[in-house]
Structure formats: structure tokens, C-alpha cells
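Peer 1: Compact mmCIF, C-alpha atoms and all ligand atoms, saved as work_13.txt, coming up:
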# COMPACT_ATOMS: atom_id res chain seq x y z
CA MET R 286 -13.04 18.93 -13.77
CA THR R 287 -11.82 21.13 -10.95
CA ALA R 288 -12.91 21.48 -7.36
CA PRO R 289 -11.47 23.65 -4.62
CA ALA R 290 -8.56 22.05 -2.77
CA ALA R 291 -10.30 20.27 0.05
CA HIS R 292 -7.42 19.06 2.16
CA PRO R 293 -4.91 21.30 3.87
CA PRO R 294 -1.53 19.56 4.01
CA THR R 295 -1.53 19.77 7.78
CA ALA R 296 -4.28 17.22 8.31
CA ILE R 297 -3.34 14.23 10.45
CA ARG R 298 -5.63 11.27 10.87
CA SER R 299 -6.96 9.90 14.11
CA GLY R 300 -5.99 6.38 15.26
CA ALA R 301 -9.50 5.07 14.62
CA ALA R 302 -9.48 6.41 11.05
CA ILE R 303 -6.13 4.80 10.34
CA LYS R 304 -7.47 1.40 11.33
CA ARG R 305 -10.50 1.73 9.07
CA SER R 306 -8.45 2.39 5.93
CA ALA R 307 -6.24 -0.62 6.66
CA GLU R 308 -9.29 -2.85 7.15
CA LEU R 309 -11.02 -1.56 4.04
CA THR R 310 -7.92 -2.33 1.95
CA THR R 311 -7.70 -5.82 3.44
CA TYR R 312 -11.40 -6.35 2.81
CA LEU R 313 -10.86 -5.43 -0.87
CA ARG R 314 -8.11 -8.07 -1.07
CA ALA R 315 -10.34 -10.62 0.65
CA VAL R 316 -13.08 -9.94 -1.92
CA ALA R 317 -10.56 -10.12 -4.77
CA ALA R 318 -9.25 -13.44 -3.43
CA ARG R 319 -12.69 -14.86 -4.34
CA GLU R 320 -12.45 -13.89 -8.03
CA PRO R 321 -13.41 -17.02 -10.00
CA ASP R 322 -10.97 -16.30 -12.85
CA PRO R 323 -7.55 -17.61 -11.70
CA GLY R 324 -5.82 -15.07 -13.95
CA LEU R 325 -7.40 -12.26 -11.93
CA ARG R 326 -7.64 -13.70 -8.46
CA CYS R 327 -5.85 -11.88 -5.63
CA PRO R 328 -3.24 -14.19 -4.04
CA ASP R 329 -3.98 -12.95 -0.51
CA GLN R 330 -5.97 -15.88 0.85
CA LEU R 331 -5.16 -14.78 4.41
CA ALA R 332 -6.89 -11.40 4.07
CA ALA R 333 -10.33 -12.76 5.02
CA ARG R 334 -8.95 -13.95 8.37
CA LEU R 335 -7.33 -10.63 9.23
CA ILE R 336 -10.41 -8.41 8.99
CA GLY R 337 -12.92 -7.84 11.77
CA PRO R 338 -16.25 -9.69 12.06
CA GLU R 339 -18.35 -6.90 10.50
CA TRP R 340 -16.19 -7.00 7.35
CA GLN R 341 -16.26 -10.79 7.34
CA ARG R 342 -20.06 -10.69 7.36
CA MET R 343 -20.02 -8.52 4.22
CA LEU R 344 -17.79 -11.10 2.55
CA ARG R 345 -20.63 -13.61 2.64
CA LEU R 346 -22.64 -11.62 0.07
CA PRO R 347 -22.47 -12.81 -3.54
CA LEU R 348 -19.35 -11.51 -5.28
CA TRP R 349 -21.23 -9.63 -8.01
CA ILE R 350 -23.22 -7.64 -5.41
CA VAL R 351 -20.08 -6.74 -3.44
CA ARG R 352 -18.22 -5.70 -6.59
CA SER R 353 -21.02 -3.54 -7.93
CA ARG R 354 -21.48 -1.81 -4.55
CA LEU R 355 -17.74 -1.15 -4.32
CA GLU R 356 -17.62 0.19 -7.86
CA HIS R 357 -20.56 2.47 -7.16
CA ASN R 358 -19.27 3.80 -3.83
CA LEU R 359 -15.50 3.80 -4.44
CA PRO R 360 -15.02 3.66 -8.23
CA GLY R 361 -11.66 2.18 -9.23
CA SER R 362 -10.51 1.26 -5.72
CA TYR R 363 -11.24 -2.46 -5.95
CA PHE R 364 -9.35 -2.85 -9.22
CA HIS R 365 -6.46 -0.68 -8.07
CA VAL R 366 -5.98 -2.80 -4.94
CA LEU R 367 -6.32 -6.05 -6.90
CA ALA R 368 -3.71 -4.98 -9.48
CA ARG R 369 -1.47 -3.41 -6.82
CA THR R 370 -1.35 -6.57 -4.71
CA ARG R 371 -0.38 -8.72 -7.67
CA HIS R 372 2.17 -6.21 -8.97
CA ILE R 373 3.89 -5.83 -5.60
CA ASP R 374 3.89 -9.61 -5.10
CA ARG R 375 5.67 -9.90 -8.45
CA LEU R 376 8.23 -7.23 -7.50
CA LEU R 377 8.86 -8.89 -4.13
CA THR R 378 9.46 -12.22 -5.89
CA GLU R 379 11.96 -10.51 -8.20
CA ALA R 380 13.66 -8.78 -5.26
CA LEU R 381 14.04 -12.14 -3.51
CA TRP R 382 15.64 -13.62 -6.63
CA ALA R 383 17.98 -10.61 -6.66
CA GLY R 384 19.13 -11.50 -3.15
CA ILE R 385 17.67 -8.91 -0.78
CA GLU R 386 18.80 -9.24 2.83
CA GLN R 387 16.08 -7.16 4.50
CA LEU R 388 12.40 -6.59 3.79
CA VAL R 389 10.71 -3.57 5.34
CA ILE R 390 6.93 -3.22 5.02
CA LEU R 391 6.05 0.40 5.79
CA GLY R 392 2.53 1.22 6.95
CA ALA R 393 1.97 -2.54 6.89
CA GLY R 394 -1.65 -2.56 8.09
CA PHE R 395 -2.98 -6.09 7.63
CA ASP R 396 -0.58 -6.92 4.80
CA SER R 397 0.03 -10.69 4.94
CA ARG R 398 3.12 -10.88 2.69
CA ALA R 399 5.50 -11.60 5.55
CA VAL R 400 3.45 -14.74 6.17
CA ARG R 401 2.57 -15.62 2.58
CA PHE R 402 6.24 -15.42 1.51
CA GLN R 403 7.61 -16.91 4.75
CA ASP R 404 9.28 -19.90 3.04
CA GLN R 405 11.27 -17.57 0.79
CA LEU R 406 12.23 -15.24 3.63
CA SER R 407 14.32 -17.63 5.73
CA SER R 408 17.52 -15.65 5.18
CA VAL R 409 15.88 -12.21 5.06
CA ARG R 410 15.32 -9.94 8.07
CA VAL R 411 11.67 -8.85 8.01
CA PHE R 412 10.36 -5.64 9.59
CA GLU R 413 6.82 -4.37 9.72
CA VAL R 414 6.42 -0.69 10.55
CA ASP R 415 3.01 0.75 11.32
CA SER R 416 1.12 3.15 13.55
CA PRO R 417 1.12 1.75 17.09
CA GLY R 418 -2.67 1.22 17.35
CA ASN R 419 -2.90 -0.71 14.12
CA GLN R 420 0.05 -2.87 14.98
CA VAL R 421 -1.52 -4.04 18.25
CA VAL R 422 -4.66 -5.11 16.37
CA LYS R 423 -2.61 -6.77 13.61
CA LYS R 424 -0.72 -8.88 16.15
CA GLU R 425 -3.98 -9.99 17.81
CA ARG R 426 -5.44 -10.95 14.44
CA LEU R 427 -2.31 -12.85 13.38
CA ARG R 428 -2.35 -14.80 16.65
CA ALA R 429 -6.00 -15.65 16.14
CA ALA R 430 -5.54 -16.65 12.49
CA LEU R 431 -2.28 -18.61 12.83
CA GLY R 432 -2.34 -19.81 16.44
CA SER R 433 0.75 -17.74 17.33
CA LEU R 434 2.62 -14.65 16.24
CA PRO R 435 5.14 -15.45 13.45
CA GLY R 436 8.58 -15.25 15.06
CA HIS R 437 10.39 -14.00 11.94
CA ILE R 438 8.64 -10.60 11.84
CA ILE R 439 10.08 -7.69 13.80
CA PHE R 440 7.22 -5.29 14.55
CA MET R 441 8.15 -1.62 14.94
CA PRO R 442 5.45 0.88 15.94
CA VAL R 443 6.13 4.30 14.35
CA ASP R 444 4.16 7.41 13.46
CA PHE R 445 5.78 8.57 10.21
CA ASN R 446 4.53 12.12 10.72
CA HIS R 447 6.26 12.46 14.08
CA GLN R 448 9.10 9.94 14.46
CA PRO R 449 12.23 9.34 12.41
CA LEU R 450 11.97 5.99 10.67
CA SER R 451 15.71 5.35 10.97
CA GLU R 452 15.78 5.52 14.76
CA ALA R 453 12.90 3.10 15.15
CA LEU R 454 14.22 0.60 12.62
CA ILE R 455 17.77 0.63 13.95
CA SER R 456 16.52 0.12 17.50
CA GLY R 457 14.78 -3.02 16.19
CA GLY R 458 17.98 -4.46 14.68
CA TYR R 459 17.71 -3.06 11.14
CA GLN R 460 21.13 -2.76 9.46
CA THR R 461 21.81 0.17 7.17
CA SER R 462 24.44 -1.74 5.16
CA LEU R 463 22.11 -4.50 3.90
CA LYS R 464 20.36 -4.72 0.54
CA THR R 465 16.77 -3.91 1.41
CA PHE R 466 13.40 -4.00 -0.31
CA PHE R 467 10.84 -1.51 1.02
CA ILE R 468 7.12 -1.99 0.38
CA TRP R 469 5.09 1.17 1.00
CA GLU R 470 1.63 0.32 -0.20
CA GLY R 471 -1.46 2.47 0.19
CA VAL R 472 0.24 4.94 2.53
CA SER R 473 2.16 7.81 0.89
CA TYR R 474 -0.87 10.01 0.11
CA TYR R 475 -2.00 10.00 3.76
CA LEU R 476 1.30 11.41 5.06
CA LEU R 477 2.49 14.97 5.27
CA PRO R 478 4.89 15.90 2.44
CA ALA R 479 7.81 16.13 4.89
CA ALA R 480 7.14 12.56 6.07
CA VAL R 481 6.98 11.33 2.45
CA ASP R 482 10.33 12.99 1.75
CA ALA R 483 11.87 11.47 4.88
CA VAL R 484 10.79 7.92 3.92
CA LEU R 485 12.05 8.25 0.36
CA LYS R 486 15.36 9.75 1.49
CA PHE R 487 15.78 6.91 3.98
CA ALA R 488 15.20 4.39 1.19
CA ALA R 489 17.95 6.19 -0.75
CA VAL R 490 20.67 6.39 1.91
CA GLY R 491 19.61 4.29 4.90
CA CYS R 492 20.28 0.91 3.26
CA GLY R 493 22.82 -1.00 1.17
CA VAL R 494 23.50 -0.39 -2.50
CA GLY R 495 20.95 -2.07 -4.79
CA SER R 496 18.07 -1.46 -2.38
CA SER R 497 14.70 -0.48 -3.77
CA ILE R 498 11.27 0.78 -2.79
CA VAL R 499 7.85 0.17 -4.32
CA PHE R 500 5.04 2.53 -3.44
CA ASP R 501 1.83 3.83 -4.86
CA TYR R 502 1.23 7.54 -5.03
CA ALA R 503 -1.51 10.00 -5.91
CA LEU R 504 -1.18 12.50 -8.71
CA GLU R 505 -0.63 15.94 -7.25
CA SER R 506 -3.45 17.31 -9.46
CA PHE R 507 -5.90 14.97 -7.68
CA VAL R 508 -4.70 16.04 -4.23
CA ARG R 509 -5.21 19.68 -5.33
CA GLY R 510 -8.79 18.88 -6.34
CA ASP R 511 -8.19 18.99 -10.10
CA TYR R 512 -10.02 15.88 -11.32
CA HIS R 513 -9.43 14.35 -14.76
CA SER R 514 -12.52 12.12 -14.81
CA ARG R 515 -15.94 11.70 -13.27
CA ARG R 516 -14.73 8.70 -11.31
CA ALA R 517 -11.83 10.70 -9.85
CA ALA R 518 -14.25 13.50 -8.97
CA ARG R 519 -16.44 10.98 -7.18
CA MET R 520 -13.46 9.70 -5.17
CA GLY R 521 -12.41 13.29 -4.49
CA ALA R 522 -15.84 13.87 -2.96
CA VAL R 523 -15.45 10.73 -0.86
CA TYR R 524 -12.08 11.87 0.48
CA ALA R 525 -13.29 15.44 1.02
CA THR R 526 -15.80 14.19 3.60
CA SER R 527 -13.53 11.50 5.00
CA SER R 528 -11.43 11.63 8.13
CA GLU R 529 -8.70 10.18 5.94
CA PRO R 530 -7.83 12.90 3.45
CA PHE R 531 -5.15 12.69 0.78
CA VAL R 532 -2.52 15.28 1.67
CA SER R 533 0.48 14.37 -0.51
CA GLY R 534 1.00 13.70 -4.17
CA VAL R 535 3.68 13.52 -6.84
CA PRO R 536 3.66 16.12 -9.65
CA ASP R 537 1.84 14.66 -12.68
CA GLY R 538 4.27 13.12 -15.18
CA LYS R 539 7.32 14.04 -13.09
CA SER R 540 7.87 11.03 -10.84
CA GLY R 541 11.41 10.48 -12.20
CA ALA R 542 12.56 13.99 -11.29
CA PHE R 543 10.65 13.87 -7.97
CA LEU R 544 12.48 10.69 -6.95
CA GLU R 545 15.84 11.89 -8.22
CA GLU R 546 15.56 14.94 -5.98
CA ARG R 547 15.19 12.50 -3.07
CA GLY R 548 18.18 10.35 -4.08
CA LEU R 549 16.36 7.55 -5.94
CA ARG R 550 16.30 6.35 -9.55
CA LEU R 551 12.92 5.48 -11.06
CA ILE R 552 12.77 1.96 -12.49
CA SER R 553 9.08 1.69 -13.38
CA ASP R 554 5.92 3.72 -12.95
CA LEU R 555 2.66 1.96 -13.74
CA GLY R 556 -0.59 3.83 -14.32
CA PRO R 557 -4.09 2.55 -15.02
CA ALA R 558 -3.38 1.52 -18.63
CA GLU R 559 -0.41 -0.70 -17.68
CA LEU R 560 -2.22 -2.16 -14.66
CA GLU R 561 -5.22 -3.05 -16.84
CA GLN R 562 -2.99 -4.67 -19.42
CA GLN R 563 -0.88 -6.66 -16.98
CA TYR R 564 -3.26 -7.57 -14.16
CA LEU R 565 -6.90 -6.91 -14.96
CA ARG R 566 -7.56 -9.03 -18.06
CA ARG R 567 -9.70 -12.11 -17.79
CA LYS R 568 -8.49 -15.38 -19.25
CA ASN R 569 -10.45 -14.60 -22.44
CA GLY R 570 -8.66 -11.22 -22.76
CA SER R 571 -11.59 -9.01 -21.76
CA LEU R 572 -11.09 -6.26 -19.19
CA SER R 573 -12.57 -7.01 -15.76
CA GLY R 574 -12.62 -3.41 -14.55
CA ARG R 575 -10.83 -0.08 -14.50
CA PRO R 576 -8.51 0.96 -11.65
CA SER R 577 -8.33 4.46 -10.15
CA ASP R 578 -6.94 6.95 -12.67
CA PHE R 579 -5.29 9.20 -10.07
CA LEU R 580 -3.05 6.55 -8.51
CA ARG R 581 0.19 5.06 -9.88
CA ILE R 582 2.74 2.55 -8.62
CA ALA R 583 6.45 3.41 -8.72
CA LEU R 584 9.51 1.25 -8.23
CA ALA R 585 12.76 3.07 -7.53
CA CYS R 586 16.26 2.05 -6.47
CA ASN R 587 19.24 3.69 -4.83
CA GLY R 588 21.91 2.25 -7.10
C1 LIG R 601 -4.67 2.04 3.59
S1 LIG R 601 -3.72 1.32 4.87
C2 LIG R 601 -2.63 0.29 3.92
C3 LIG R 601 -2.11 -0.83 4.75
C4 LIG R 601 -1.25 -1.85 4.01
N1 LIG R 601 -0.05 -1.29 3.49
C5 LIG R 601 -2.05 -2.49 2.93
O1 LIG R 601 -1.82 -2.23 1.74
O2 LIG R 601 -2.94 -3.26 3.27
C6 LIG R 601 -2.67 2.64 5.37
C7 LIG R 601 -1.65 2.24 6.41
O3 LIG R 601 -0.80 3.35 6.65
C8 LIG R 601 -0.55 3.46 8.01
N2 LIG R 601 -0.31 4.87 8.34
C9 LIG R 601 -1.02 5.94 7.93
N3 LIG R 601 -0.52 7.06 8.49
C10 LIG R 601 0.53 6.67 9.26
C11 LIG R 601 1.46 7.35 10.07
N4 LIG R 601 1.42 8.68 10.22
N5 LIG R 601 2.42 6.63 10.70
C12 LIG R 601 2.47 5.27 10.57
N6 LIG R 601 1.61 4.57 9.80
C13 LIG R 601 0.66 5.26 9.16
C14 LIG R 601 -1.83 2.98 8.69
O4 LIG R 601 -1.58 2.55 10.00
C15 LIG R 601 -2.28 1.88 7.76
O5 LIG R 601 -1.81 0.64 8.19
What do you get writing this file as C-alpha cells?
Peer 2:
Amino acid sequence: MTAPAAHPPTAIRSGAAIKRSAELTTYLRAVAAREPDPGLRCPDQLAARLIGPEWQRMLRLPLWIVRSRLEHNLPGSYFHVLARTRHIDRLLTEALWAGIEQLVILGAGFDSRAVRFQDQLSSVRVFEVDSPGNQVVKKERLRAALGSLPGHIIFMPVDFNHQPLSEALISGGYQTSLKTFFIWEGVSYYLLPAAVDAVLKFAAVGCGVGSSIVFDYALESFVRGDYHSRRAARMGAVYATSSEPFVSGVPDGKSGAFLEERGLRLISDLGPAELEQQYLRRKNGSLSGRPSDFLRIALACNG
């Protein structure tokens, strides 16, 4: 299934559009946190308190209605976000066991991990990097949800397309010699290719040995408008009319070489089949739903 490339790689999103994608993602987690099957349920119980009132209203609908609407309008997105949250939580837990000294959440949006994992982060420096507008709203929402802003998070406003990540982080007290875990979730495809390269290269050389980065990426074929399924074509149509186009991808089947060129070694690269197997099975073994087939989640390290 092929469609003309809809998105020139020069597109940059407006502040308002950026906020919407972060809220939508958080809404998906809030819905998934209501899954009755404990084997499937999203662990982000804070998500519902970080979204705006209009999204909270939609949460009151019965779960089956919400899920079927989501699957109709944005096929695969709900299950991708559900599996992605649980996978990255697992990788963060493993990174903490391995003794990371810094955690950097890039394009953090309304990610609540810095709060959810707070007890395990007492000896870890925690940075959240995001577009300035989103970060202001995030801080307001955290204050409202928790009573005050968590003191252990260092918030750094950055526009990845226009500002060097290193400068911003270092000005906030980030240390390039420390073993660092970077979480870059739901962001890479929205950035210009040069900004993607800069982030990956920073994760390779701007931190201590043994550092790693987890991120999800779009297949380059999808970004070009070459769709491998009806569901991908449907999402391609959604993005083609959206103010939030996908502008970057990783060449299909070549993530290892792509990361090596940017100084990183691929550790794992999970596609829909692995995500279904590991995160989307009900207790009785049946499949709850299928995630997007044009997105994958890579873990890479610099050592
Ligand atoms: C879909 S949201 C994902 C948010 C969060 N990581 C999550 O999974 O909930 C995309 C995030 O990328 C951030 N982002 C997109 N373009 C950016 C840019 N040029 N500079 C900084 N942040 C950007 C947005 O502010 C937003 O928080």
C-alpha cells in the first residue's frame, strides 16, 4: 500500500499541537490504567490526574466504548502505548538495578515515571527535558495532583529542533561522566532528522560508559507513505491531516546499523510481535489487541 509522501522533513509543530499529542498519550495511559486484567493493566495510575478536564470527562465513559472508539480512530495506538509504558518501566527497573546515576526523560510530556519511581531514585539525578510550553503545564498539573512540585526533578525546557541538548542539560547540573539512562518515548518521529541524530549522538558520547537510551521510532517506509497494512494506511491518513506529522524514521530492518553510525550499540528492538507476546496477552493467554505495526522500541547503549 503506497501513498505519496505527505510530510516534508522541514515541518515543525506549533506549541499547541505539541501539547495535544502529550495529552493524548497520557489519556491512553489513563485508559489503560483501568484495564481489569492485572496482567495487562498500565501501571501509570497518576496519568488520569495529569490530563486536562476535557480528557478526564472522556475517561468516565465505559472502558469498552473508549477502547473501541480509539481502535476505530487511531488503530494500534492504544496497544502500542500500553505495551510501551510497561516495557520502558521494565527497562528503567533494570537500569536502576544496574546502578545508573542519572535519569534523563527527553520530551517528557506528562510522563509520571519520575514520581512513580521516586523511592528508587533517591541516589539518581533526575532531569526532565521538554518543550517550554508543555513543561509549564506539566508543572502546574503536578502541583495540583501532588500538592507541590517534586523537588528531586530538574526541569529543563528545550526545543530539540533548535537548541543543543548538551548545553541545556549541563546548565541544569547534568554531569557528562555519570552512567545515565535516557528515556525518549513517543518523540523521535516528530523531530527533524538532524535533531534525532543530535540526541542519539549525545546519548553515545555525552554520558558515562554503560549509559543507555530507550526510544520508540517509526519505520522509514511509513514516514515515506509506504504502508504495509490497512491499519498503517489509516494512521498515515490521520497524520497526513494532522498538525503533528511524522518527519523522521529509521530504515526498515536496519536499526543496528543506524545506531552504530551514531555511536550506539543496539541491545534490543521490539516490534509488534514481541510486544504482543510480552505485554498484550490476557491472563488466559488470549491477545487483547494489536499494536501499531509501523512503530518499534529500541534499547541501545554506548559501551
Ligand atoms: C507524544 S508526546 C510524548 C510525551 C511523553 N514522552 C510520553 O510518552 O507521554 C511528545 C513529546 O515530545 C515533545 N516534543 C516534541 N517536539 C519537541 C521539540 N522540538 N523539542 C522539545 N520537545 C518536543 C513534546 O513536548 C511532547 O511532550
Peer 1: Report as a list in words all protein, DNA and RNA residues lying within 12 Å of Pro328 of chain R, evaluated on only C-alpha atoms, omitting residues in the same chain fewer than 6 positions from it.
Peer 2: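 Contacts, in chain order: Arg314, Ala315, Val316, Ala317, Ala318, Arg319, Glu320, Asp322, Val366, Leu367, Ala368, Arg369, Thr370, Arg371, His372, Ile373, Asp374, Arg375, Asp396, Ser397, Arg398, Arg401 and Phe402 of chain R.
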Peer 1: Residues at most 8 Å from segment 478-489 of chain R, counting all atoms listed in the file, excluding those fewer than 5 positions away in the same chain, as a list in words?
Peer 2: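 My reading of the contact set: Pro294, Phe445, Asn446, Pro449, Leu450, Ser451, Phe467, Ser473, Ser496, Ser497, Ile498, Val532, Ser533, Gly534, Leu544, Arg547, Gly548, Leu549, Cys586 and Asn587 of chain R.
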Peer 1: Counting all atoms listed in the file, which of R:Gln387, R:Ser553, R:Gln448, R:Ser571 gets nearest to Leu463 of chain R?
Peer 2: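 Under the stated criterion, the closest residue is R:Gln387.
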Peer 1: Could you give me, as a tab-separated table, a per-residue list for chain R showing, wherever an atom lies at most 6 Å from an atom of ligand LIG 601 (chain R), the closest pair of atoms and their distance in Å to one decimal, using all atoms listed in the file and sorting by chain then residue number from low to high?
Peer 2:
residue	atom	partner	partner_atom	distance
R:Ile303	CA	R:LIG601	C14	5.0
R:Ser306	CA	R:LIG601	C1	4.5
R:Ala307	CA	R:LIG601	S1	3.6
R:Thr310	CA	R:LIG601	O2	5.2
R:Thr311	CA	R:LIG601	O2	5.4
R:Gly392	CA	R:LIG601	C8	4.0
R:Ala393	CA	R:LIG601	N1	4.1
R:Gly394	CA	R:LIG601	O5	3.2
R:Phe395	CA	R:LIG601	O2	5.2
R:Asp396	CA	R:LIG601	O2	4.6
R:Asp415	CA	R:LIG601	N6	4.3
R:Ser416	CA	R:LIG601	C12	3.9
R:Asn419	CA	R:LIG601	O4	5.4
R:Val443	CA	R:LIG601	C12	5.4
R:Asp444	CA	R:LIG601	N5	3.4
R:Phe445	CA	R:LIG601	N5	3.9
R:Asn446	CA	R:LIG601	N4	4.7
R:Glu470	CA	R:LIG601	N1	4.4
R:Gly471	CA	R:LIG601	C2	4.5
R:Val472	CA	R:LIG601	O3	4.5
R:Tyr475	CA	R:LIG601	N3	5.8
R:Leu476	CA	R:LIG601	N3	5.8
Peer 1: For the point (13.9, -10.9, 5.6) in file coordinates, what residues are within 7 Å, counting all atoms listed in the file? Give the answer as JSON, numbers by chain?
Peer 2: {"R": [386, 387, 388, 406, 407, 408, 409, 410, 411]}
Peer 1: Got a sec: who's within 7 Å of Leu391 of chain R, counting all atoms listed in the file, leaving out chain neighbours fewer than 5 positions off, as a list in words?
Peer 2: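 What passes the distance filter is Glu413, Val414, Asp415, Ile468 and Trp469 of chain R.
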Peer 1: Using only C-alpha atoms, determine which residues lie at most 10 Å from Lys568 of chain R, disregarding the query and same-chain residues fewer than 3 positions distant; provide the list as an mmCIF file with C-alpha atoms, keeping the file's coordinate frame.
Peer 2:
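What follows is the written file part_26.cif:
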data_model
loop_
_atom_site.group_PDB
_atom_site.id
_atom_site.type_symbol
_atom_site.label_atom_id
_atom_site.label_comp_id
_atom_site.auth_asym_id
_atom_site.auth_seq_id
_atom_site.Cartn_x
_atom_site.Cartn_y
_atom_site.Cartn_z
ATOM 1 C CA ASP R 322 -10.970 -16.300 -12.850
ATOM 2 C CA PRO R 323 -7.550 -17.610 -11.700
ATOM 3 C CA GLY R 324 -5.820 -15.070 -13.950
ATOM 4 C CA LEU R 325 -7.400 -12.260 -11.930
ATOM 5 C CA LEU R 565 -6.900 -6.910 -14.960
ATOM 6 C CA SER R 571 -11.590 -9.010 -21.760
ATOM 7 C CA LEU R 572 -11.090 -6.260 -19.190
ATOM 8 C CA SER R 573 -12.570 -7.010 -15.760
#
Peer 1: Here is a test: counting only C-alpha atoms, which residue of R:Trp382, R:Phe364, R:Trp340, R:Trp349 is nearest to Arg566 of chain R?
Peer 2: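 Counting only C-alpha atoms, the residue closest to Arg566 of chain R is R:Phe364.
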Peer 1: How many Å lie between atom CA of Leu551 of chain R and atom CA of Ala585 of chain R, rounded to one decimal?
Peer 2: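 Taking atom CA of Leu551 of chain R and atom CA of Ala585 of chain R, their separation equals 4.3 Å.
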Peer 1: Produce the centre coordinates and the three edge lengths, each in Å to one decimal, of the box along x, y and z that contains all listed atoms of segment 344-362 of chain R with 5 Å added on each side, as lines of an AutoDock Vina configuration file.
Peer 2:
center_x = -16.9
center_y = -4.9
center_z = -3.3
size_x = 22.7
size_y = 27.4
size_z = 21.9
Peer 1: What does the distance from atom CA of Ala525 of chain R to atom CA of His447 of chain R come to in Å, to one decimal?
Peer 2: 23.7 Å
Peer 1: May I ask for the distance between atom CA of Glu452 of chain R and atom CA of Pro417 of chain R, given in Å to one decimal place?
Peer 2: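 Distance reported for this atom pair: 15.3 Å.
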Peer 1: So that I can see what lies close to Phe412 of chain R, please list as a ChimeraX atom specification the residues with an atom at most 7 Å from it, counting all atoms listed in the file and leaving out residues fewer than 4 positions away in the same chain.
Peer 2: /R:388-390,438-440
